[in-house]
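Just input-v7.txt here, compact mmCIF, N, CA and C atoms:
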```
# COMPACT_ATOMS: atom_id res chain seq x y z
N MET A 1 -117.61 54.18 -64.83
CA MET A 1 -116.91 54.76 -65.95
C MET A 1 -115.40 54.64 -65.72
N SER A 2 -114.70 54.23 -66.75
CA SER A 2 -113.25 54.15 -66.67
C SER A 2 -112.65 55.55 -66.60
N GLU A 3 -111.43 55.63 -66.08
CA GLU A 3 -110.72 56.90 -66.07
C GLU A 3 -109.73 56.91 -67.22
N TYR A 4 -109.70 58.03 -67.89
CA TYR A 4 -108.78 58.23 -69.00
C TYR A 4 -107.85 59.37 -68.62
N CYS A 5 -106.80 59.56 -69.39
CA CYS A 5 -105.85 60.64 -69.12
C CYS A 5 -105.88 61.72 -70.18
N PHE A 6 -106.62 61.54 -71.27
CA PHE A 6 -106.61 62.57 -72.31
C PHE A 6 -107.48 63.76 -71.90
N TYR A 7 -107.10 64.95 -72.39
CA TYR A 7 -107.80 66.18 -72.05
C TYR A 7 -109.25 66.12 -72.51
N GLY A 8 -110.15 66.46 -71.62
CA GLY A 8 -111.57 66.53 -71.94
C GLY A 8 -112.31 65.22 -71.89
N TRP A 9 -111.69 64.17 -71.37
CA TRP A 9 -112.31 62.84 -71.42
C TRP A 9 -113.65 62.77 -70.69
N LYS A 10 -113.78 63.50 -69.59
CA LYS A 10 -115.03 63.42 -68.82
C LYS A 10 -116.22 63.96 -69.61
N GLY A 11 -116.00 64.98 -70.39
CA GLY A 11 -117.09 65.58 -71.16
C GLY A 11 -117.08 65.19 -72.62
N ALA A 12 -116.32 64.19 -72.98
CA ALA A 12 -116.20 63.77 -74.38
C ALA A 12 -117.41 62.93 -74.78
N ASP A 13 -118.52 63.62 -74.96
CA ASP A 13 -119.79 62.94 -75.25
C ASP A 13 -120.28 63.15 -76.67
N ALA A 14 -119.40 63.51 -77.59
CA ALA A 14 -119.78 63.68 -78.98
C ALA A 14 -120.20 62.32 -79.55
N ALA A 15 -121.22 62.34 -80.40
CA ALA A 15 -121.72 61.12 -81.03
C ALA A 15 -121.29 61.10 -82.49
N PRO A 16 -121.17 59.90 -83.06
CA PRO A 16 -120.78 59.82 -84.48
C PRO A 16 -121.83 60.47 -85.38
N VAL A 17 -121.36 61.10 -86.45
CA VAL A 17 -122.26 61.78 -87.37
C VAL A 17 -122.67 60.89 -88.54
N ASP A 18 -122.09 59.70 -88.62
CA ASP A 18 -122.32 58.82 -89.76
C ASP A 18 -122.56 57.40 -89.24
N GLU A 19 -123.49 56.71 -89.84
CA GLU A 19 -123.80 55.33 -89.45
C GLU A 19 -122.59 54.41 -89.57
N GLU A 20 -121.70 54.73 -90.47
CA GLU A 20 -120.50 53.91 -90.68
C GLU A 20 -119.71 53.73 -89.38
N TYR A 21 -119.77 54.73 -88.52
CA TYR A 21 -119.00 54.71 -87.28
C TYR A 21 -119.88 54.56 -86.04
N ARG A 22 -121.09 54.07 -86.18
CA ARG A 22 -122.03 53.99 -85.05
C ARG A 22 -121.47 53.20 -83.86
N ALA A 23 -120.57 52.26 -84.11
CA ALA A 23 -119.99 51.46 -83.02
C ALA A 23 -119.04 52.30 -82.15
N ILE A 24 -118.59 53.43 -82.67
CA ILE A 24 -117.70 54.32 -81.91
C ILE A 24 -118.61 55.38 -81.29
N LYS A 25 -119.21 55.03 -80.16
CA LYS A 25 -120.28 55.88 -79.60
C LYS A 25 -119.81 57.21 -79.04
N ASP A 26 -118.53 57.34 -78.73
CA ASP A 26 -118.00 58.61 -78.23
C ASP A 26 -116.47 58.60 -78.33
N PRO A 27 -115.82 59.74 -78.08
CA PRO A 27 -114.36 59.80 -78.20
C PRO A 27 -113.60 58.85 -77.28
N ARG A 28 -114.18 58.47 -76.16
CA ARG A 28 -113.50 57.51 -75.28
C ARG A 28 -113.38 56.15 -75.97
N VAL A 29 -114.41 55.73 -76.67
CA VAL A 29 -114.36 54.47 -77.42
C VAL A 29 -113.31 54.58 -78.53
N LEU A 30 -113.27 55.72 -79.21
CA LEU A 30 -112.26 55.91 -80.25
C LEU A 30 -110.87 55.83 -79.64
N TYR A 31 -110.66 56.46 -78.50
CA TYR A 31 -109.36 56.41 -77.82
C TYR A 31 -108.97 54.95 -77.52
N ASP A 32 -109.92 54.18 -77.01
CA ASP A 32 -109.64 52.77 -76.71
C ASP A 32 -109.18 52.02 -77.95
N LEU A 33 -109.86 52.25 -79.06
CA LEU A 33 -109.49 51.58 -80.31
C LEU A 33 -108.13 52.05 -80.81
N LEU A 34 -107.92 53.36 -80.82
CA LEU A 34 -106.66 53.90 -81.33
C LEU A 34 -105.47 53.51 -80.47
N SER A 35 -105.71 53.27 -79.19
CA SER A 35 -104.61 52.88 -78.30
C SER A 35 -103.89 51.63 -78.79
N GLY A 36 -104.60 50.77 -79.49
CA GLY A 36 -103.98 49.58 -80.04
C GLY A 36 -103.52 49.75 -81.48
N LEU A 37 -103.76 50.94 -82.07
CA LEU A 37 -103.43 51.16 -83.48
C LEU A 37 -102.31 52.16 -83.70
N TRP A 38 -102.15 53.10 -82.77
CA TRP A 38 -101.05 54.06 -82.91
C TRP A 38 -99.74 53.29 -82.89
N CYS A 39 -98.82 53.68 -83.74
CA CYS A 39 -97.54 52.98 -83.82
C CYS A 39 -96.49 53.93 -84.38
N ALA A 40 -95.27 53.47 -84.47
CA ALA A 40 -94.19 54.30 -85.00
C ALA A 40 -94.49 54.73 -86.44
N ASP A 41 -95.15 53.87 -87.21
CA ASP A 41 -95.46 54.21 -88.60
C ASP A 41 -96.49 55.32 -88.72
N THR A 42 -97.33 55.51 -87.71
CA THR A 42 -98.31 56.59 -87.75
C THR A 42 -97.81 57.85 -87.04
N CYS A 43 -96.66 57.76 -86.40
CA CYS A 43 -96.04 58.89 -85.70
C CYS A 43 -95.37 59.84 -86.70
N ALA A 44 -95.41 61.14 -86.39
CA ALA A 44 -94.73 62.13 -87.22
C ALA A 44 -93.25 61.74 -87.34
N PRO A 45 -92.70 61.75 -88.56
CA PRO A 45 -91.31 61.32 -88.76
C PRO A 45 -90.30 62.03 -87.86
N ARG A 46 -90.49 63.32 -87.59
CA ARG A 46 -89.53 64.06 -86.78
C ARG A 46 -89.54 63.63 -85.33
N MET A 47 -90.56 62.87 -84.92
CA MET A 47 -90.68 62.42 -83.53
C MET A 47 -90.52 60.91 -83.39
N ARG A 48 -90.41 60.23 -84.50
CA ARG A 48 -90.45 58.77 -84.53
C ARG A 48 -89.42 58.10 -83.63
N GLU A 49 -88.23 58.65 -83.55
CA GLU A 49 -87.19 58.01 -82.73
C GLU A 49 -87.54 58.03 -81.25
N ASN A 50 -88.44 58.92 -80.83
CA ASN A 50 -88.85 58.99 -79.43
C ASN A 50 -90.18 58.30 -79.16
N TRP A 51 -90.83 57.77 -80.22
CA TRP A 51 -92.11 57.10 -80.03
C TRP A 51 -91.89 55.78 -79.29
N SER A 52 -92.82 55.44 -78.41
CA SER A 52 -92.79 54.15 -77.72
C SER A 52 -94.21 53.77 -77.33
N VAL A 53 -94.39 52.53 -76.98
CA VAL A 53 -95.69 52.06 -76.52
C VAL A 53 -96.10 52.82 -75.26
N GLU A 54 -95.12 53.20 -74.45
CA GLU A 54 -95.41 53.96 -73.23
C GLU A 54 -95.84 55.38 -73.54
N ASN A 55 -95.44 55.91 -74.69
CA ASN A 55 -95.84 57.25 -75.11
C ASN A 55 -96.46 57.14 -76.51
N LYS A 56 -97.52 56.37 -76.58
CA LYS A 56 -98.12 56.00 -77.87
C LYS A 56 -98.80 57.16 -78.60
N THR A 57 -99.15 58.24 -77.88
CA THR A 57 -99.81 59.37 -78.54
C THR A 57 -98.82 60.36 -79.15
N LEU A 58 -97.53 60.17 -78.90
CA LEU A 58 -96.51 61.08 -79.42
C LEU A 58 -96.56 61.13 -80.94
N GLY A 59 -96.65 62.35 -81.48
CA GLY A 59 -96.60 62.53 -82.93
C GLY A 59 -97.82 62.07 -83.68
N GLN A 60 -98.94 61.90 -82.98
CA GLN A 60 -100.16 61.38 -83.59
C GLN A 60 -101.27 62.43 -83.70
N CYS A 61 -101.01 63.68 -83.27
CA CYS A 61 -102.11 64.62 -83.04
C CYS A 61 -102.92 64.98 -84.28
N SER A 62 -102.29 65.42 -85.35
CA SER A 62 -103.07 65.92 -86.48
C SER A 62 -103.87 64.80 -87.15
N ILE A 63 -103.23 63.66 -87.38
CA ILE A 63 -103.95 62.58 -88.06
C ILE A 63 -105.08 62.05 -87.18
N THR A 64 -104.87 62.04 -85.87
CA THR A 64 -105.91 61.58 -84.94
C THR A 64 -107.05 62.59 -84.89
N ALA A 65 -106.74 63.87 -84.81
CA ALA A 65 -107.78 64.90 -84.72
C ALA A 65 -108.64 64.91 -85.99
N PHE A 66 -108.03 64.76 -87.15
CA PHE A 66 -108.83 64.75 -88.38
C PHE A 66 -109.62 63.46 -88.54
N LEU A 67 -109.10 62.36 -88.05
CA LEU A 67 -109.87 61.11 -88.03
C LEU A 67 -111.06 61.26 -87.08
N ALA A 68 -110.85 61.86 -85.92
CA ALA A 68 -111.96 62.11 -84.98
C ALA A 68 -112.98 63.05 -85.61
N GLN A 69 -112.53 64.02 -86.39
CA GLN A 69 -113.46 64.91 -87.08
C GLN A 69 -114.30 64.13 -88.10
N ASP A 70 -113.70 63.18 -88.80
CA ASP A 70 -114.46 62.33 -89.73
C ASP A 70 -115.61 61.65 -89.01
N ILE A 71 -115.35 61.23 -87.79
CA ILE A 71 -116.31 60.43 -87.04
C ILE A 71 -117.34 61.29 -86.31
N PHE A 72 -116.88 62.36 -85.65
CA PHE A 72 -117.76 63.15 -84.79
C PHE A 72 -118.12 64.52 -85.33
N GLY A 73 -117.53 64.93 -86.45
CA GLY A 73 -117.78 66.27 -86.99
C GLY A 73 -116.99 67.30 -86.21
N GLY A 74 -117.49 68.52 -86.18
CA GLY A 74 -116.84 69.58 -85.44
C GLY A 74 -115.64 70.15 -86.19
N LYS A 75 -114.76 70.78 -85.42
CA LYS A 75 -113.60 71.45 -85.99
C LYS A 75 -112.33 70.99 -85.30
N VAL A 76 -111.22 71.18 -86.00
CA VAL A 76 -109.89 70.87 -85.46
C VAL A 76 -109.18 72.20 -85.24
N TYR A 77 -108.64 72.36 -84.04
CA TYR A 77 -107.88 73.56 -83.68
C TYR A 77 -106.46 73.16 -83.31
N GLY A 78 -105.57 74.15 -83.27
CA GLY A 78 -104.18 73.85 -82.96
C GLY A 78 -103.61 74.78 -81.90
N VAL A 79 -103.03 74.18 -80.87
CA VAL A 79 -102.31 74.93 -79.84
C VAL A 79 -100.93 75.25 -80.41
N PRO A 80 -100.54 76.54 -80.49
CA PRO A 80 -99.20 76.88 -80.99
C PRO A 80 -98.12 76.34 -80.04
N LEU A 81 -97.10 75.72 -80.61
CA LEU A 81 -95.98 75.19 -79.84
C LEU A 81 -94.74 76.04 -80.07
N GLU A 82 -93.78 75.90 -79.17
CA GLU A 82 -92.55 76.70 -79.23
C GLU A 82 -91.78 76.50 -80.52
N ASP A 83 -91.88 75.31 -81.13
CA ASP A 83 -91.10 75.02 -82.34
C ASP A 83 -91.77 75.49 -83.63
N GLY A 84 -92.90 76.20 -83.48
CA GLY A 84 -93.60 76.72 -84.65
C GLY A 84 -94.68 75.79 -85.19
N ASN A 85 -94.76 74.59 -84.66
CA ASN A 85 -95.81 73.65 -85.06
C ASN A 85 -97.05 73.88 -84.19
N TYR A 86 -98.11 73.14 -84.52
CA TYR A 86 -99.35 73.19 -83.75
C TYR A 86 -99.69 71.81 -83.24
N HIS A 87 -100.26 71.77 -82.04
CA HIS A 87 -100.78 70.51 -81.50
C HIS A 87 -102.28 70.52 -81.72
N CYS A 88 -102.78 69.56 -82.48
CA CYS A 88 -104.19 69.53 -82.88
C CYS A 88 -105.09 68.83 -81.86
N TYR A 89 -106.31 69.35 -81.75
CA TYR A 89 -107.35 68.79 -80.88
C TYR A 89 -108.71 69.08 -81.50
N ASN A 90 -109.76 68.50 -80.92
CA ASN A 90 -111.11 68.59 -81.49
C ASN A 90 -112.05 69.43 -80.64
N VAL A 91 -112.97 70.10 -81.36
CA VAL A 91 -114.07 70.81 -80.72
C VAL A 91 -115.34 70.42 -81.48
N VAL A 92 -116.27 69.80 -80.77
CA VAL A 92 -117.56 69.41 -81.35
C VAL A 92 -118.63 70.05 -80.48
N GLY A 93 -119.28 71.08 -81.00
CA GLY A 93 -120.23 71.84 -80.18
C GLY A 93 -119.48 72.46 -79.02
N ASP A 94 -119.93 72.18 -77.80
CA ASP A 94 -119.21 72.69 -76.62
C ASP A 94 -118.31 71.63 -75.99
N CYS A 95 -118.10 70.56 -76.71
CA CYS A 95 -117.24 69.45 -76.26
C CYS A 95 -115.83 69.64 -76.83
N ILE A 96 -114.85 69.78 -75.94
CA ILE A 96 -113.45 69.92 -76.35
C ILE A 96 -112.70 68.69 -75.85
N PHE A 97 -112.01 68.01 -76.76
CA PHE A 97 -111.22 66.85 -76.34
C PHE A 97 -109.95 66.75 -77.18
N ASP A 98 -108.93 66.17 -76.56
CA ASP A 98 -107.62 66.02 -77.18
C ASP A 98 -107.13 64.61 -76.90
N LEU A 99 -107.39 63.73 -77.86
CA LEU A 99 -107.07 62.31 -77.68
C LEU A 99 -105.58 62.04 -77.53
N THR A 100 -104.73 62.99 -77.92
CA THR A 100 -103.29 62.76 -77.86
C THR A 100 -102.56 63.67 -76.87
N SER A 101 -103.28 64.23 -75.93
CA SER A 101 -102.68 65.16 -74.96
C SER A 101 -101.71 64.48 -74.00
N GLU A 102 -101.81 63.18 -73.83
CA GLU A 102 -100.93 62.46 -72.89
C GLU A 102 -99.45 62.59 -73.24
N GLN A 103 -99.14 62.86 -74.49
CA GLN A 103 -97.74 62.98 -74.90
C GLN A 103 -97.04 64.14 -74.19
N PHE A 104 -97.79 65.06 -73.62
CA PHE A 104 -97.21 66.21 -72.93
C PHE A 104 -97.04 65.99 -71.43
N GLY A 105 -97.39 64.82 -70.95
CA GLY A 105 -97.23 64.52 -69.53
C GLY A 105 -98.03 65.49 -68.68
N ASP A 106 -97.38 66.09 -67.69
CA ASP A 106 -98.06 67.02 -66.78
C ASP A 106 -98.17 68.43 -67.33
N ARG A 107 -97.58 68.70 -68.46
CA ARG A 107 -97.64 70.04 -69.05
C ARG A 107 -99.08 70.38 -69.45
N ARG A 108 -99.55 71.53 -69.06
CA ARG A 108 -100.90 71.97 -69.40
C ARG A 108 -100.88 72.81 -70.67
N LEU A 109 -101.77 72.48 -71.59
CA LEU A 109 -101.91 73.24 -72.81
C LEU A 109 -103.10 74.18 -72.68
N ASP A 110 -103.07 75.29 -73.40
CA ASP A 110 -104.17 76.25 -73.40
C ASP A 110 -105.07 75.95 -74.59
N TYR A 111 -106.28 75.50 -74.31
CA TYR A 111 -107.22 75.12 -75.36
C TYR A 111 -108.19 76.24 -75.72
N SER A 112 -107.83 77.47 -75.46
CA SER A 112 -108.72 78.59 -75.78
C SER A 112 -108.08 79.53 -76.79
N GLY A 113 -108.90 80.03 -77.71
CA GLY A 113 -108.45 81.04 -78.65
C GLY A 113 -107.43 80.59 -79.67
N ASN A 114 -107.40 79.32 -79.98
CA ASN A 114 -106.41 78.79 -80.93
C ASN A 114 -106.97 78.79 -82.36
N PRO A 115 -106.08 78.82 -83.34
CA PRO A 115 -106.54 78.86 -84.74
C PRO A 115 -107.07 77.52 -85.21
N GLU A 116 -108.10 77.60 -86.06
CA GLU A 116 -108.62 76.39 -86.70
C GLU A 116 -107.56 75.86 -87.66
N GLN A 117 -107.46 74.55 -87.74
CA GLN A 117 -106.49 73.90 -88.61
C GLN A 117 -107.19 73.44 -89.89
N SER A 118 -106.50 73.59 -91.00
CA SER A 118 -107.03 73.25 -92.31
C SER A 118 -106.59 71.84 -92.72
N ARG A 119 -107.57 71.01 -92.97
CA ARG A 119 -107.31 69.65 -93.46
C ARG A 119 -106.51 69.72 -94.76
N GLU A 120 -106.92 70.60 -95.64
CA GLU A 120 -106.25 70.71 -96.94
C GLU A 120 -104.78 71.10 -96.76
N LYS A 121 -104.51 72.07 -95.89
CA LYS A 121 -103.13 72.51 -95.68
C LYS A 121 -102.29 71.40 -95.05
N LEU A 122 -102.81 70.78 -94.00
CA LEU A 122 -102.05 69.73 -93.32
C LEU A 122 -101.82 68.52 -94.23
N PHE A 123 -102.84 68.15 -94.99
CA PHE A 123 -102.71 66.97 -95.83
C PHE A 123 -102.04 67.27 -97.17
N SER A 124 -101.63 68.53 -97.37
CA SER A 124 -100.82 68.81 -98.56
C SER A 124 -99.43 68.21 -98.39
N LYS A 125 -99.09 67.88 -97.14
CA LYS A 125 -97.84 67.16 -96.88
C LYS A 125 -98.13 65.67 -97.09
N LYS A 126 -97.54 65.11 -98.12
CA LYS A 126 -97.84 63.73 -98.52
C LYS A 126 -97.66 62.74 -97.38
N GLU A 127 -96.56 62.85 -96.62
CA GLU A 127 -96.31 61.88 -95.55
C GLU A 127 -97.41 61.96 -94.48
N LYS A 128 -97.91 63.16 -94.21
CA LYS A 128 -98.95 63.31 -93.19
C LYS A 128 -100.25 62.67 -93.68
N TYR A 129 -100.59 62.92 -94.94
CA TYR A 129 -101.81 62.34 -95.50
C TYR A 129 -101.70 60.82 -95.52
N GLU A 130 -100.54 60.30 -95.87
CA GLU A 130 -100.36 58.84 -95.90
C GLU A 130 -100.48 58.23 -94.50
N ARG A 131 -99.97 58.94 -93.48
CA ARG A 131 -100.10 58.45 -92.10
C ARG A 131 -101.57 58.45 -91.67
N TYR A 132 -102.30 59.49 -92.05
CA TYR A 132 -103.74 59.57 -91.76
C TYR A 132 -104.47 58.39 -92.41
N LEU A 133 -104.18 58.13 -93.70
CA LEU A 133 -104.83 57.02 -94.39
C LEU A 133 -104.50 55.68 -93.73
N LEU A 134 -103.25 55.52 -93.30
CA LEU A 134 -102.85 54.28 -92.62
C LEU A 134 -103.63 54.10 -91.32
N LEU A 135 -103.72 55.16 -90.51
CA LEU A 135 -104.46 55.06 -89.26
C LEU A 135 -105.94 54.79 -89.51
N LYS A 136 -106.51 55.46 -90.50
CA LYS A 136 -107.93 55.26 -90.84
C LYS A 136 -108.17 53.82 -91.31
N GLU A 137 -107.28 53.31 -92.15
CA GLU A 137 -107.40 51.93 -92.64
C GLU A 137 -107.30 50.93 -91.48
N ARG A 138 -106.37 51.17 -90.58
CA ARG A 138 -106.21 50.28 -89.42
C ARG A 138 -107.46 50.31 -88.54
N LEU A 139 -108.06 51.50 -88.37
CA LEU A 139 -109.28 51.61 -87.58
C LEU A 139 -110.43 50.85 -88.26
N GLU A 140 -110.57 51.01 -89.56
CA GLU A 140 -111.63 50.32 -90.29
C GLU A 140 -111.46 48.81 -90.22
N GLN A 141 -110.22 48.32 -90.32
CA GLN A 141 -109.96 46.88 -90.20
C GLN A 141 -110.31 46.39 -88.79
N CYS A 142 -109.95 47.17 -87.81
CA CYS A 142 -110.26 46.83 -86.42
C CYS A 142 -111.77 46.73 -86.20
N MET A 143 -112.50 47.66 -86.76
CA MET A 143 -113.97 47.65 -86.63
C MET A 143 -114.57 46.45 -87.32
N LYS A 144 -114.06 46.08 -88.49
CA LYS A 144 -114.58 44.90 -89.21
C LYS A 144 -114.34 43.64 -88.41
N MET A 145 -113.18 43.54 -87.79
CA MET A 145 -112.85 42.34 -87.00
C MET A 145 -113.74 42.24 -85.75
N ALA A 146 -114.19 43.37 -85.25
CA ALA A 146 -115.02 43.38 -84.04
C ALA A 146 -116.46 43.00 -84.35
N MET A 147 -116.83 43.06 -85.61
CA MET A 147 -118.23 42.77 -85.98
C MET A 147 -118.49 41.29 -86.12
```
Before anything else, please render the file you have as structure tokens.
Amino acid sequence: MSEYCFYGWKGADAAPVDEEYRAIKDPRVLYDLLSGLWCADTCAPRMRENWSVENKTLGQCSITAFLAQDIFGGKVYGVPLEDGNYHCYNVVGDCIFDLTSEQFGDRRLDYSGNPEQSREKLFSKKEKYERYLLLKERLEQCMKMAM
């Protein structure tokens, strides 16, 4: 088994809930695919100037967590941050994973007792919804090319 750096990678054994995504057998496979798809255009605008290939998960949390929810089900929760924003991650059954945790380096986040995040509320921001659609479209194109 390969080693990953995202939070919860060892226990990230959630399976896709829809046949459409059957090729993405678990969150590690999704991480591998997204690693080539995350870009400055999918990064949150307020963080875009600091985005780089070396820190590819920066500003990608909410759109990634909701895309993972599309694939694996479960819920999206948010770790409260000092700036008033939330860092989103996934919980599927007893499986907790955060595909974009690497952006925090060695900083440890508390993944317990956090509020559930609302897709409707987050996607009421047009730019966020458009970034989510872009990432989803890029993932679907990538999957078609692999077939």
For Phe72 of chain A, the nearest of the candidates A:Asp41, A:Ala15, A:Phe123, A:Glu137, counting all atoms listed in the file: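 Checking each of A:Asp41, A:Ala15, A:Phe123, A:Glu137 against Phe72 of chain A, counting all atoms listed in the file, the winner is A:Ala15.
Atom C of Ala44 of chain A is positioned 23.6 Å from atom C of Ile96 of chain A.
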To test your reading of the structure, identify every residue in chain A that backbone DSSP assigns to strand (DSSP E), and report it as a list in words. Lys75, Val76, Tyr77, Gly78, Val79, Pro80, Tyr86, His87, Cys88, Tyr89, Asn90, Val91, Val92, Cys95, Ile96 and Phe97 of chain A
As a ChimeraX atom specification, please: the residues near segment 4-11 of chain A (cut-off 8 Å, only N, CA and C atoms, same-chain neighbours under 6 positions excluded). /A:27-28,94-103
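Proximity of A:Glu54, A:Phe66, A:Val17, A:Gly74 to Arg119 of chain A, computed with only N, CA and C atoms, is greatest for A:Phe66.
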Record the distance separating atom CA of Glu120 of chain A and atom CA of Val92 of chain A, expressed in Å with one decimal. 19.3 Å
Between atom CA of Lys25 of chain A and atom CA of Trp51 of chain A, measure the distance and give it in Å to one decimal. 28.2 Å
Return the single residue from A:Pro16, A:Gly113, A:Pro80, A:Pro45 that is closest to Glu130 of chain A, with distances computed using only C-alpha atoms.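 Looking at the shortest contact to Glu130 of chain A, the residue is A:Pro45.
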Taking all atoms of segment 64-71 of chain A that the file lists and extending 5 Å past them on each side, where is the centre of the axis-aligned box and how long are its edges? Answer in Å to one decimal, as JSON.
```
{"center_x": -111.1, "center_y": 62.7, "center_z": -87.2, "size_x": 22.5, "size_y": 14.5, "size_z": 15.0}
```
Need the neighbours of (-112.3, 72.0, -84.5): which residues are at most 10 Å away, counting only C-alpha atoms, as a list in words?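 I get Ala65, Phe66, Ala68, Gln69, Gly73, Gly74, Lys75, Val76, Tyr77, Gly78, Cys88, Tyr89, Asn90, Val91, Val92, Gly93, Cys95, Ile96, Phe97, Asn114, Pro115, Glu116, Gln117 and Ser118 of chain A for the residues within 10 Å of that point.
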